[in-house]
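Novice: My questions will all concern the structure given below.
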Amino acid sequence: MSYLERLDDNYPDSHSKEESLAILQRYKSKLDETQYEAIRDSLCSHALEEIYLNERDILLSIAQLKNEITLKEIVEIAKAF
């Protein structure tokens with residue numbers, strides 16, 4: 001199953017860096033080390049601005065790293081929400 005197919009669900013907002021990291025941890029086995037670290041680094045950078053990635057954000061990041069979606073398409077999806 002594509003990571004994009006999972007985006008139909010409504011995901012609650014994350015309220016902390018720890019909560020976002022816990023979500024990412026659930027997908028760790030599906031990512032290589034470089035992919036995991038790239039998403040973790042992005043997550044931590046956003047958290048500095050008190051922006052916490054929820055599951056939808058993490059799934060979009062995974063989909064991008066797995067070449068299922070482009071950054072331009074992610075921006076279009078973000079505009080729709």
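The way I read the labels, and the way they are meant: chains A, B, ... in the order of the structure tokens, residue 1 as the first residue of every chain, and ligand 1 as the first ligand shown, with later ones counted on from there.
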From the DSSP assignment of the backbone, select every residue of chain A that is alpha helix (DSSP H), and format the answer as a PyMOL selection string.
Specialist: chain A and resi 17-26+33-48+55-65+71-80
Novice: Using the selection just defined, write its residues with C-alpha atoms as a short mmCIF file (atom, residue, chain, number, x, y, z; two decimals), in the first residue's frame.
Specialist:
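The resulting again-v1.cif:
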```
data_model
loop_
_atom_site.label_atom_id
_atom_site.label_comp_id
_atom_site.auth_asym_id
_atom_site.auth_seq_id
_atom_site.Cartn_x
_atom_site.Cartn_y
_atom_site.Cartn_z
CA LYS A 17 7.90 17.15 19.67
CA GLU A 18 7.73 13.93 21.68
CA GLU A 19 4.32 13.10 20.27
CA SER A 20 5.60 13.66 16.72
CA LEU A 21 8.68 11.54 17.39
CA ALA A 22 6.46 8.73 18.71
CA ILE A 23 4.49 8.78 15.46
CA LEU A 24 7.68 8.68 13.42
CA GLN A 25 8.98 5.80 15.52
CA ARG A 26 6.01 3.66 14.36
CA GLU A 33 18.52 5.14 8.36
CA THR A 34 19.01 8.12 6.01
CA GLN A 35 15.27 8.51 5.41
CA TYR A 36 14.47 8.23 9.12
CA GLU A 37 17.10 10.81 10.05
CA ALA A 38 15.92 13.21 7.33
CA ILE A 39 12.36 13.16 8.65
CA ARG A 40 13.55 13.35 12.28
CA ASP A 41 15.74 16.34 11.47
CA SER A 42 12.84 18.09 9.72
CA LEU A 43 10.55 17.26 12.62
CA CYS A 44 13.02 18.71 15.14
CA SER A 45 13.54 21.86 13.05
CA HIS A 46 9.79 22.45 12.88
CA ALA A 47 9.48 21.82 16.62
CA LEU A 48 11.86 24.72 17.28
CA GLU A 55 0.77 11.57 11.14
CA ARG A 56 -0.38 13.10 7.84
CA ASP A 57 2.76 15.26 7.72
CA ILE A 58 4.97 12.27 8.44
CA LEU A 59 3.23 10.11 5.83
CA LEU A 60 3.70 12.86 3.25
CA SER A 61 7.39 13.05 4.16
CA ILE A 62 7.76 9.30 3.77
CA ALA A 63 5.91 9.36 0.45
CA GLN A 64 8.23 12.08 -0.81
CA LEU A 65 11.35 10.16 0.21
CA LEU A 71 7.19 18.68 -3.08
CA LYS A 72 4.91 20.64 -5.40
CA GLU A 73 2.14 18.06 -4.89
CA ILE A 74 2.65 18.20 -1.12
CA VAL A 75 2.17 21.97 -1.20
CA GLU A 76 -1.09 21.50 -3.15
CA ILE A 77 -2.32 18.98 -0.58
CA ALA A 78 -1.40 21.34 2.25
CA LYS A 79 -3.36 24.16 0.61
CA ALA A 80 -6.42 21.89 0.46
#
```
Novice: As an exercise, work out the distance from CA of Ser14 in chain A to CA of Asn67 in chain A in Å and give it to one decimal place.
Specialist: 25.0 Å
Novice: Could you work out how far CA of Leu7 in chain A lies from CA of Tyr52 in chain A, giving the answer in Å with one decimal?
Specialist: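 Atom-to-atom, CA of Tyr52 in chain A to CA of Leu7 in chain A, that is 17.4 Å.
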Novice: Nearest to Ile51 in chain A: which of A:Tyr27, A:Asp32, A:Thr70, A:Ser16 is it, counting only C-alpha atoms?
Specialist: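 Distance minimum relative to Ile51 in chain A lands on A:Ser16.
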Novice: Just give me the gap between CA of Ile69 in chain A and CA of Tyr11 in chain A in Å, one decimal is fine.
Specialist: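 For CA of Ile69 in chain A relative to CA of Tyr11 in chain A, the distance reads 19.2 Å.
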